[in-house]
Amino acid sequence: MFTCSTRQTHVRQKILDDVAAVMGGQERPQVVYHFTTADVAVAVRHELQAQCRATYGASLEIFDLQALGDMLADRDLFPVASQYLHLPASLLPAIPAEDPSWYATTRMRWTSRDGSTANIADFDDLRTAIRYAGHTEGASGDVAMWAQRLREYAARTASPRVARIATYERTYATWYARETLRGLEGDLRAYFEDCTAFGSAGELEDASTLLTLLAGSVTRCMVDLSPAEVGTWQRAMSAVVADRLALESGFSERAQLLATAGFGALLPDVDGEHRMLDLDQALIFWSELVAQVHRAPLFALDAFADRMGKMAPMLDTHPGYDDFVQQLDQATAVRSGQRAVAKQATSRAFAFARADRPLRAIHELHQAKVDWFTSETLRSSLAAMVLLCDWYRQLGMTFAAKRYGLAAAYLAATATEAEAQAYAPKAMSRVTLADFQQGAWVAALGDADATVGYHAAFAPRDSRGDTETDIDLLGYVVGHITACVEAFLPDAVPAVAAVTTAWGQSEWLATEVELARDIFGADLDAFWAEMSGRLFDAAFSDAGVEGEVVWDALGLRFTARYANDARTVPLAEEFLAALQIVLSDLEEQELLLVPTRVMLAMDVHWSETEPPTVSLTPLPSNASRSWALTLRVPERMPHAAMREWESLLLGGVLQILRETTLLPAARFDALLERLMRRNMPGKVSVALPYHVLYTEMLGTHRFYPGLRMADMRALRRRPLPRPMIRELAWSESLGPGYDAAAAAERIKRRYTRGLPPCRQTLARLRLEPDFVAAVEALRSEGWKDWHILVGVSAIILNTRNAAALQNASDPQAAAALLSPAMDEVEPADAPPLPVSLFSTSRLRTQMQLNMLNEVRGCGLELHQRTPDLEGLQRFFAVRYRYLSDDQPHPADLLTPAALS
């Protein structure tokens, strides 16, 4: 006996009432099947089944919303779901990959038959076969045959809807197999002849998909249709979708229409009718869809979210994109759980990576870190960490890359499953490549040695006994190191050979060494040419008594120096890894960073009794931000203290960044609070602290102190050009709050107010060749006359005030009489000042000091105790047009007219 219900409340009681009604009849069934559009919890289902057995001696089977959805997702039931639930043809489930013989059988059957029948089973055969052929290398040649069979089927069917689906399948498969739609023009004209004939939201989505293919094909001349034809179809489709949306409809159908309307808003203009891509309108449609999708349980949300993931690089330029994705992820979590959200974040990450945007890919992959390190998700987590290692390395963030590579290797090596353990050599090979590209070739050699060991222990083998790992990466790395040492550092050959010969028979290495020799041989110029653009620092940059690391990010040049010993290096690199991870996380934010140099003098102290500390002491400098960084680490760090240690590292990183930004403190703190909610600490902290992972995975015996102290000066004759990382470049856009009209008014006031305090002195200075030369020099540097005018006035004001204080019998009383601002008029009898006060260097310094007023004027805050004047000058010149904006003024204001 079957019962059904659409009730969404009091579902348990409804099922009990229906069962009681059935069992109250003359005949009692042995099984009752209850169908409901509500979700029924497993515990409730089991309780009801037990009660039915105890009361009536009958079985109860409950099919709730989730169960109905699973059944309708079955391939055999898809025609029913498609017809009655308005699903698009694109959702047809694929044939399981584990059954490869079905295609050959189906092809043989259809090759030998006359094709006279036209039942639904035949149609399912044909559409499945043409999809397989269109997407499978080796079968694409069959697409024309299957397309002809579908054309014959469509001619015989009595259903216009089925005929349209047949056209959709032929078109889609032909495009995938041949990347052209030539030969289908007649079919497409018939398909779009009357867009109002599309009977369901699913058909409209299929039509939208074909219009997307057509737009690209017309643009690339891959179909013999005119742009005017396709443009007419686009507009007709948009009108039909708009009309359907204006009508009352069920929530599932409306959700499908909203999805289609959004895709339609992004169709490119093919006929010059000024129809532009409308991201605003697309997100309006899709935001309504996501807000209402909980009322449309049959809408294919996962498929929609997957399509959004693939389109992410195009959509994320819209300011509302992040909010939309957050809403979509929340809806996906409610519908399918957190793992589905992680899957969609991973899909977006891959889309950004394919679009050559590794930084955004990193952000998305961090969002996918749901339930990391559990047995069910460990392999996915390891794969994600290896990807993060690769993407950080591509950005030149080599210590961040090592952070994730070492964590992945450790978790893999300590796992119990063989498939997870196989990630240990894979991850360590990425660590090797990161050190190699950083120029830390001694470290890379130790990484390679560890990789070989993990490879021997954990790498899987196929039936031929061939290894299936990323050990081939080592060939290039160690081949170049070996060839370089043999050519330029003969004293280091024994140390390198001692490592590589321990690996035994290494034909792969011998081949790579020969390839490297062929490239640069013993020619140092050829060696540097080969390495230029490949390394972020010079080869063997990790050799020497002191370690030094230099890298650029977000307009800041970081230089870190520390003792090059086995106990200091892991901790120094740990701080640098945290710094690089945070910098990557901040890239999307408007930080208003002052382009400057950040100098870190790092020191490490080990303690038996004291708790861990990270202390930063600012060092005075007007040319950089300099700190003495001291890391105090317990000899034995309890596990509970490890998270505290990593929090201290994060705090030190943020202290450095706070001094380099001009954001007001309140805005910077609010930004950090948002980033903390987005799990910034979780990005810095992975598995164990970096220095612990370093020791666990590499050991101290691979530090090779003798090789690190070897004489490498032969390789350091010239600086190595650093690769430019576009995604980590300093922002050169106009700063927030900049207004050209307001800037013009300020400059007018400065010309007006800057002249009275220096009118008498300026009249004399115009006639001084040294002053005229200084003005011309400053103009050639980009300074405007209003800068120089205000600088002259400031020097005069400061000089006269200083003299008044020095000569006063009562300095405190004199201070109250000093000129308070630039509004004072210079007296005609004021004593002349020496022209040397107005030299090029003095004027430049004064004008740079005047820029400090710009900080307050733009609503910003300076957090530097000793301002970096050069950095501030570049900041305001680029982001607030400080050296570009000017206003008309007399040509002889500063110099004789003939020279101006």
# chains A, B, ... in the order shown; residues from 1 in each chain; ligands from 1
call {"tool": "residues_around", "arguments": {"residues": "range 831-835 of chain A", "least_positions_apart": "5", "cutoff": "10 Å", "atoms": "only C-alpha atoms", "output": "list of chain:residue names"}}
result
A:Gln760, A:Thr761, A:Arg764, A:Leu765, A:Glu768, A:Pro769, A:Asp770, A:Phe771, A:Ile795, A:Ile796, A:Thr799, A:Arg800
call {"tool": "closest_atom_pairs", "arguments": {"of": "range 445-549 of chain A", "to": "range 421-429 of chain A", "cutoff": "6 Å", "atoms": "only C-alpha atoms", "output": "CSV"}}
result
residue,atom,partner,partner_atom,distance
A:Thr451,CA,A:Pro425,CA,5.1
A:Tyr454,CA,A:Pro425,CA,5.1
A:His455,CA,A:Pro425,CA,5.0
A:Phe458,CA,A:Ala422,CA,5.2
A:Ala459,CA,A:Ala422,CA,5.1
A:Asp470,CA,A:Lys426,CA,5.4
call {"tool": "atom_distance", "arguments": {"atom1": "CA of Phe350 in chain A", "atom2": "CA of Leu382 in chain A"}}
result
15.7 Å
call {"tool": "residues_around", "arguments": {"residues": "Arg360 in chain A", "least_positions_apart": "5", "cutoff": "8 Å", "atoms": "only C-alpha atoms", "output": "ChimeraX atom specification"}}
result
/A:349,352-353
call {"tool": "select_by_dssp", "arguments": {"residues": "range 310-525 of chain A", "states": "alpha helix (DSSP H)", "output": "JSON, numbers by chain"}}
result
{"A": [310, 312, 313, 314, 315, 321, 322, 323, 324, 325, 326, 327, 328, 329, 330, 331, 332, 333, 334, 335, 336, 338, 339, 340, 341, 342, 343, 344, 345, 346, 347, 348, 349, 350, 351, 352, 353, 354, 358, 359, 360, 361, 362, 363, 364, 365, 366, 367, 378, 379, 380, 381, 382, 383, 384, 385, 386, 387, 388, 389, 390, 391, 392, 393, 394, 398, 399, 400, 401, 402, 403, 404, 405, 406, 407, 408, 409, 410, 411, 412, 413, 418, 419, 420, 421, 423, 424, 425, 426, 427, 428, 429, 430, 431, 432, 433, 434, 435, 436, 437, 438, 441, 442, 443, 444, 445, 446, 447, 448, 449, 450, 451, 452, 453, 454, 455, 456, 457, 458, 472, 473, 474, 475, 476, 477, 478, 479, 480, 481, 482, 483, 484, 485, 486, 487, 488, 493, 494, 495, 496, 497, 498, 499, 500, 507, 508, 509, 510, 511, 512, 513, 514, 515, 516, 517, 518, 519, 520, 524, 525]}
call {"tool": "closest_atom_pairs", "arguments": {"of": "range 625-672 of chain A", "to": "range 677-701 of chain A", "cutoff": "8 Å", "atoms": "only C-alpha atoms", "output": "JSON lines"}}
result
{"residue": "A:Met642", "atom": "CA", "partner": "A:Pro689", "partner_atom": "CA", "distance": 6.6}
{"residue": "A:Arg643", "atom": "CA", "partner": "A:Ser685", "partner_atom": "CA", "distance": 7.5}
{"residue": "A:Glu646", "atom": "CA", "partner": "A:Ser685", "partner_atom": "CA", "distance": 6.5}
{"residue": "A:Ser647", "atom": "CA", "partner": "A:Pro681", "partner_atom": "CA", "distance": 7.2}
{"residue": "A:Leu650", "atom": "CA", "partner": "A:Pro681", "partner_atom": "CA", "distance": 7.4}
call {"tool": "write_last_selection", "arguments": {"atoms": "C-alpha atoms", "output": "CSV table (one decimal), in the first residue's frame"}}
result
chain,number,residue,atom,x,y,z
A,642,MET,CA,52.6,25.2,20.4
A,643,ARG,CA,49.4,27.1,19.5
A,646,GLU,CA,52.2,30.4,16.7
A,647,SER,CA,49.9,33.1,18.0
A,650,LEU,CA,51.3,36.0,14.2
call {"tool": "atom_distance", "arguments": {"atom1": "CA of Leu48 in chain A", "atom2": "CA of Gly25 in chain A"}}
result
19.7 Å
call {"tool": "residues_around", "arguments": {"residues": "Leu388 in chain A", "least_positions_apart": "3", "cutoff": "12 Å", "atoms": "only C-alpha atoms", "output": "PyMOL selection string"}}
result
chain A and resi 346+349-350+353+358-369+381-385+391-395+397-408+427+430-431+434+581+584+683+686
call {"tool": "write_last_selection", "arguments": {"atoms": "N, CA and C atoms", "output": "compact mmCIF listing (two decimals), in the first residue's frame"}}
result
# COMPACT_ATOMS: atom_id res chain seq x y z
N THR A 346 37.01 24.29 -3.63
CA THR A 346 38.11 23.69 -4.38
C THR A 346 37.92 23.90 -5.88
N ALA A 349 38.95 27.30 -6.64
CA ALA A 349 40.41 27.42 -6.56
C ALA A 349 41.05 26.96 -7.86
N PHE A 350 40.61 25.83 -8.40
CA PHE A 350 41.17 25.33 -9.65
C PHE A 350 40.86 26.28 -10.81
N ALA A 353 43.28 29.04 -10.54
CA ALA A 353 44.62 28.58 -10.91
C ALA A 353 44.75 28.47 -12.42
N PRO A 358 47.12 32.48 -8.98
CA PRO A 358 47.38 31.57 -7.85
C PRO A 358 47.00 32.16 -6.49
N LEU A 359 47.09 33.48 -6.34
CA LEU A 359 46.78 34.06 -5.03
C LEU A 359 45.31 33.88 -4.69
N ARG A 360 44.44 34.14 -5.65
CA ARG A 360 43.01 33.94 -5.38
C ARG A 360 42.71 32.45 -5.23
N ALA A 361 43.44 31.61 -5.96
CA ALA A 361 43.28 30.17 -5.80
C ALA A 361 43.63 29.75 -4.37
N ILE A 362 44.68 30.35 -3.81
CA ILE A 362 45.08 30.04 -2.43
C ILE A 362 43.96 30.42 -1.47
N HIS A 363 43.37 31.60 -1.65
CA HIS A 363 42.29 32.04 -0.76
C HIS A 363 41.13 31.03 -0.80
N GLU A 364 40.76 30.59 -1.98
CA GLU A 364 39.64 29.66 -2.10
C GLU A 364 39.97 28.31 -1.49
N LEU A 365 41.20 27.84 -1.71
CA LEU A 365 41.55 26.52 -1.18
C LEU A 365 41.60 26.55 0.34
N HIS A 366 41.99 27.68 0.92
CA HIS A 366 41.93 27.79 2.38
C HIS A 366 40.48 27.67 2.87
N GLN A 367 39.54 28.18 2.08
CA GLN A 367 38.14 28.07 2.46
C GLN A 367 37.66 26.62 2.43
N ALA A 368 38.34 25.78 1.69
CA ALA A 368 37.94 24.37 1.55
C ALA A 368 38.44 23.52 2.70
N LYS A 369 39.17 24.11 3.65
CA LYS A 369 39.76 23.32 4.74
C LYS A 369 38.69 23.01 5.79
N SER A 381 42.89 16.47 2.10
CA SER A 381 43.63 17.52 2.78
C SER A 381 45.08 17.55 2.33
N LEU A 382 45.69 16.36 2.18
CA LEU A 382 47.08 16.30 1.73
C LEU A 382 47.20 16.85 0.31
N ALA A 383 46.26 16.48 -0.55
CA ALA A 383 46.29 16.99 -1.92
C ALA A 383 46.17 18.51 -1.92
N ALA A 384 45.29 19.04 -1.04
CA ALA A 384 45.11 20.49 -0.97
C ALA A 384 46.38 21.17 -0.48
N MET A 385 47.05 20.59 0.50
CA MET A 385 48.28 21.20 1.02
C MET A 385 49.40 21.18 -0.01
N TRP A 391 51.30 26.66 -5.19
CA TRP A 391 50.82 28.01 -5.52
C TRP A 391 51.58 29.08 -4.74
N TYR A 392 51.89 28.83 -3.48
CA TYR A 392 52.73 29.78 -2.75
C TYR A 392 54.10 29.91 -3.43
N ARG A 393 54.64 28.80 -3.86
CA ARG A 393 55.96 28.85 -4.53
C ARG A 393 55.90 29.68 -5.80
N GLN A 394 54.83 29.53 -6.58
CA GLN A 394 54.69 30.32 -7.80
C GLN A 394 54.69 31.81 -7.51
N LEU A 395 54.23 32.20 -6.32
CA LEU A 395 54.18 33.60 -5.93
C LEU A 395 55.49 34.09 -5.33
N MET A 397 56.60 33.01 -2.56
CA MET A 397 56.47 32.84 -1.11
C MET A 397 57.00 31.45 -0.74
N THR A 398 58.30 31.29 -0.85
CA THR A 398 58.89 29.96 -0.74
C THR A 398 58.83 29.40 0.68
N PHE A 399 58.87 30.26 1.69
CA PHE A 399 58.80 29.74 3.07
C PHE A 399 57.37 29.34 3.41
N ALA A 400 56.38 30.08 2.91
CA ALA A 400 54.99 29.64 3.04
C ALA A 400 54.80 28.31 2.34
N ALA A 401 55.41 28.17 1.16
CA ALA A 401 55.33 26.90 0.43
C ALA A 401 55.91 25.76 1.25
N LYS A 402 57.09 26.00 1.84
CA LYS A 402 57.71 24.96 2.67
C LYS A 402 56.85 24.64 3.89
N ARG A 403 56.17 25.64 4.43
CA ARG A 403 55.29 25.41 5.59
C ARG A 403 54.26 24.35 5.28
N TYR A 404 53.62 24.48 4.13
CA TYR A 404 52.57 23.52 3.77
C TYR A 404 53.15 22.21 3.24
N GLY A 405 54.29 22.29 2.55
CA GLY A 405 54.92 21.07 2.07
C GLY A 405 55.39 20.18 3.21
N LEU A 406 56.04 20.77 4.21
CA LEU A 406 56.52 19.99 5.36
C LEU A 406 55.35 19.42 6.16
N ALA A 407 54.28 20.23 6.32
CA ALA A 407 53.11 19.73 7.06
C ALA A 407 52.48 18.55 6.33
N ALA A 408 52.34 18.66 5.01
CA ALA A 408 51.76 17.56 4.23
C ALA A 408 52.64 16.32 4.32
N ALA A 427 55.07 15.58 -1.37
CA ALA A 427 55.18 16.87 -0.68
C ALA A 427 56.64 17.29 -0.51
N ARG A 430 58.14 18.92 -3.43
CA ARG A 430 57.74 20.33 -3.57
C ARG A 430 58.57 21.22 -2.65
N VAL A 431 58.89 20.74 -1.46
CA VAL A 431 59.77 21.47 -0.55
C VAL A 431 61.13 21.67 -1.20
N ALA A 434 60.92 24.37 -3.77
CA ALA A 434 60.80 25.69 -3.15
C ALA A 434 62.17 26.21 -2.72
N ILE A 581 52.59 34.05 4.63
CA ILE A 581 51.19 33.61 4.59
C ILE A 581 50.27 34.78 4.87
N SER A 584 50.10 37.17 1.89
CA SER A 584 49.24 36.63 0.84
C SER A 584 47.77 36.81 1.20
N LYS A 683 45.49 29.48 8.99
CA LYS A 683 46.35 29.42 7.80
C LYS A 683 47.82 29.41 8.19
N VAL A 686 49.49 24.96 10.91
CA VAL A 686 49.10 23.72 10.23
C VAL A 686 49.90 22.57 10.84
call {"tool": "atom_distance", "arguments": {"atom1": "CA of Gln49 in chain A", "atom2": "CA of Val19 in chain A"}}
result
10.6 Å
call {"tool": "decode", "arguments": {"residues": "range 11-25 of chain A", "atoms": "all heavy atoms", "output": "CSV table (one decimal), in the first residue's frame"}}
result
chain,number,residue,atom,x,y,z
A,11,VAL,N,5.3,16.1,10.6
A,11,VAL,CA,5.4,15.0,9.6
A,11,VAL,C,5.3,13.6,10.3
A,11,VAL,O,4.7,12.7,9.8
A,11,VAL,CB,6.8,15.1,8.9
A,11,VAL,CG1,7.0,13.9,7.9
A,11,VAL,CG2,6.9,16.4,8.1
A,12,ARG,N,5.9,13.5,11.5
A,12,ARG,CA,5.8,12.2,12.2
A,12,ARG,C,4.4,11.8,12.5
A,12,ARG,O,4.0,10.6,12.2
A,12,ARG,CB,6.6,12.3,13.5
A,12,ARG,CG,6.6,11.1,14.4
A,12,ARG,CD,7.4,11.3,15.7
A,12,ARG,NE,7.3,10.2,16.6
A,12,ARG,CZ,6.3,9.9,17.3
A,12,ARG,NH1,5.2,10.7,17.3
A,12,ARG,NH2,6.3,8.8,18.1
A,13,GLN,N,3.6,12.7,12.9
A,13,GLN,CA,2.2,12.4,13.2
A,13,GLN,C,1.4,12.1,12.0
A,13,GLN,O,0.6,11.2,11.9
A,13,GLN,CB,1.5,13.5,14.0
A,13,GLN,CG,0.2,13.2,14.5
A,13,GLN,CD,0.2,12.0,15.5
A,13,GLN,OE1,1.0,12.0,16.4
A,13,GLN,NE2,-0.7,11.0,15.3
A,14,LYS,N,1.7,12.8,10.9
A,14,LYS,CA,1.1,12.5,9.6
A,14,LYS,C,1.3,11.1,9.1
A,14,LYS,O,0.4,10.4,8.7
A,14,LYS,CB,1.6,13.5,8.6
A,14,LYS,CG,1.1,13.3,7.1
A,14,LYS,CD,-0.4,13.3,7.0
A,14,LYS,CE,-0.8,13.2,5.5
A,14,LYS,NZ,-2.3,13.0,5.4
A,15,ILE,N,2.6,10.6,9.3
A,15,ILE,CA,2.9,9.3,8.8
A,15,ILE,C,2.1,8.3,9.7
A,15,ILE,O,1.5,7.3,9.2
A,15,ILE,CB,4.4,9.0,8.9
A,15,ILE,CG1,5.1,9.9,7.9
A,15,ILE,CG2,4.7,7.6,8.7
A,15,ILE,CD1,6.7,9.9,8.0
A,16,LEU,N,2.1,8.5,11.0
A,16,LEU,CA,1.3,7.6,11.9
A,16,LEU,C,-0.1,7.5,11.6
A,16,LEU,O,-0.8,6.5,11.6
A,16,LEU,CB,1.5,8.0,13.4
A,16,LEU,CG,2.9,7.8,14.0
A,16,LEU,CD1,3.0,8.4,15.4
A,16,LEU,CD2,3.2,6.3,14.1
A,17,ASP,N,-0.7,8.7,11.3
A,17,ASP,CA,-2.1,8.8,10.9
A,17,ASP,C,-2.4,8.0,9.6
A,17,ASP,O,-3.4,7.3,9.5
A,17,ASP,CB,-2.6,10.2,10.8
A,17,ASP,CG,-2.6,11.0,12.1
A,17,ASP,OD1,-2.5,10.3,13.2
A,17,ASP,OD2,-2.6,12.2,12.1
A,18,ASP,N,-1.5,8.2,8.6
A,18,ASP,CA,-1.7,7.5,7.4
A,18,ASP,C,-1.6,6.0,7.5
A,18,ASP,O,-2.4,5.2,6.9
A,18,ASP,CB,-0.7,8.0,6.3
A,18,ASP,CG,-1.0,9.4,5.8
A,18,ASP,OD1,-2.1,9.9,6.2
A,18,ASP,OD2,-0.2,9.9,5.0
A,19,VAL,N,-0.6,5.5,8.3
A,19,VAL,CA,-0.5,4.1,8.5
A,19,VAL,C,-1.7,3.5,9.3
A,19,VAL,O,-2.2,2.5,8.9
A,19,VAL,CB,0.8,3.8,9.3
A,19,VAL,CG1,0.9,2.3,9.8
A,19,VAL,CG2,2.0,4.2,8.5
A,20,ALA,N,-2.2,4.3,10.3
A,20,ALA,CA,-3.4,3.8,11.0
A,20,ALA,C,-4.6,3.7,10.1
A,20,ALA,O,-5.4,2.8,10.2
A,20,ALA,CB,-3.7,4.8,12.2
A,21,ALA,N,-4.7,4.7,9.2
A,21,ALA,CA,-5.9,4.7,8.3
A,21,ALA,C,-5.8,3.5,7.3
A,21,ALA,O,-6.8,2.8,7.1
A,21,ALA,CB,-5.9,6.0,7.4
A,22,VAL,N,-4.6,3.2,6.9
A,22,VAL,CA,-4.4,2.0,6.0
A,22,VAL,C,-4.7,0.7,6.7
A,22,VAL,O,-5.4,-0.2,6.2
A,22,VAL,CB,-3.0,2.0,5.4
A,22,VAL,CG1,-2.7,0.6,4.7
A,22,VAL,CG2,-2.8,3.1,4.4
A,23,MET,N,-4.2,0.6,7.9
A,23,MET,CA,-4.4,-0.6,8.7
A,23,MET,C,-5.8,-0.8,9.3
A,23,MET,O,-6.2,-1.8,9.7
A,23,MET,CB,-3.4,-0.7,9.9
A,23,MET,CG,-1.9,-0.8,9.4
A,23,MET,SD,-1.7,-2.3,8.4
A,23,MET,CE,0.0,-2.2,7.9
A,24,GLY,N,-6.6,0.3,9.2
A,24,GLY,CA,-8.0,0.2,9.7
A,24,GLY,C,-8.9,-0.3,8.7
A,24,GLY,O,-10.1,-0.5,8.9
A,25,GLY,N,-8.4,-0.6,7.5
A,25,GLY,CA,-9.3,-1.2,6.4
A,25,GLY,C,-9.5,-2.7,6.6
A,25,GLY,O,-9.0,-3.3,7.5
